[in-house]
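The structure appears below as structure tokens.
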Amino acid sequence: MPLLELFDGWWLFAFVICAIDTIPQAAIGAVSRPADRSGEKYAALAKELMPRLLASARRLTSDSDKAQDLVQDALIKGFEAYRAGNLELTDWVIGWFIRVMSNAHLNSIRRETRRATGELTSEIEATLADSDPKSRPDHWIEPQEQREALARALATLSEDHREVIVLVDLEELSYDDAAATLGVPVGTVRSRLNRARYALADAFRPLLTHMEIAQ
Amino acid sequence: MNNLKPCSHTKRWLPLLVKGRLHGIVLWYLRMHVKRCNNCTEAIEALRAAEECIAAAQQASRNGPGELSSDRMATLEDLFREGQPNDAQ
Ligand SMILES: [Zn+2]
């Protein structure tokens, strides 16, 4: 009897060794090993996303060179993250790029404006004070000024609020995709979005007198 | 610090009102309420200002190239091929 048990044990051990040996190496390596991440696959994705990324960058800035810089920098950053195994080419990867571009651009506005004036809101008011509302019966300010005012207003928000506004209101991502991009539940996106909309609106509040004059 | 003080029972709905996503009795009630509530009126005006700027940005983004400039594309292609940027900033 002990001899039989010993035999059974060896048989099981041999079986496990053989089974491990027959697991395809590709299956083990399929878990995002950085070395397997080819530039070719990423380049194809970059080409596919390019028009969308450029449109997103133009929503953030009216300067076309700046928009191109934002896209190029985001694609370089994305490639580095992809190669390092920190970025997956999922269906909602567009959100990752939008997030990178908006944070880069709006943080630079925040830094520049603070350096120049010490206050972001006074800079937004200055943008609007330069326009003559009486000469524009249909709009309170020109579309380009509106875009600049929006970027400056977004720059005043916390990163959480700014990101959810950019992803859902500006880029019109679904709540599900925004939640996947931000790594939070959909319910958090909804509640954060409501607070963010009021925070953004609050940045425009000092400007309402300009609107009233224009109307 | 948020200086807008919409009523607590309308706060959830005002952004949707501005976006034109409300219908029926909720829309009817909010319109009636806003007419006699200064705080909600102020909130709606500010929300609408933000909404108009978002719409302007969305409209403007539709015009423009769908590709990066050729020099930027060349930099990216080198990077994706070699794995190292040549003259990326
Ligand atoms: Zn009210």
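Each chain in the structure tokens gets a letter, A, B and so on, in the order shown; residues start at 1 in every chain, and ligands are counted from 1 in the order they appear.
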Residues up to 12 Å from ligand 1, counting only C-alpha atoms and all ligand atoms: could you list those as a VMD selection string? chain B and resid 4 to 14 29 to 44
Taking a cut-off of 6 Å and counting only C-alpha atoms, can you build a table that, for each residue of chain A near chain B, reports the nearest atom pair and how far apart they are in Å (one decimal), sorted by chain then residue number, as a tab-separated table?
```
residue	atom	partner	partner_atom	distance
A:Gly39	CA	B:Phe80	CA	4.5
A:Pro51	CA	B:Gly66	CA	4.1
A:Ala55	CA	B:Ser61	CA	4.9
A:Arg58	CA	B:Ser61	CA	5.0
A:Arg59	CA	B:Ala57	CA	4.7
A:Pro143	CA	B:Ala56	CA	5.5
A:Gln146	CA	B:Cys53	CA	4.9
A:Arg147	CA	B:Ala57	CA	5.3
A:Leu150	CA	B:Cys53	CA	5.8
A:Ala201	CA	B:Leu47	CA	4.7
A:Asp202	CA	B:Asn2	CA	5.9
A:Phe204	CA	B:Ala46	CA	5.7
A:Arg205	CA	B:Ala46	CA	5.2
```
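Distances to A:Tyr42 were evaluated for A:Leu89, A:Leu70, A:Ala203, A:Val184 using only C-alpha atoms, and the minimum falls at A:Leu89.
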As an exercise, work out the distance from atom CA of A:Arg195 to atom CA of B:Val18 in Å and give it to one decimal place. 14.9 Å
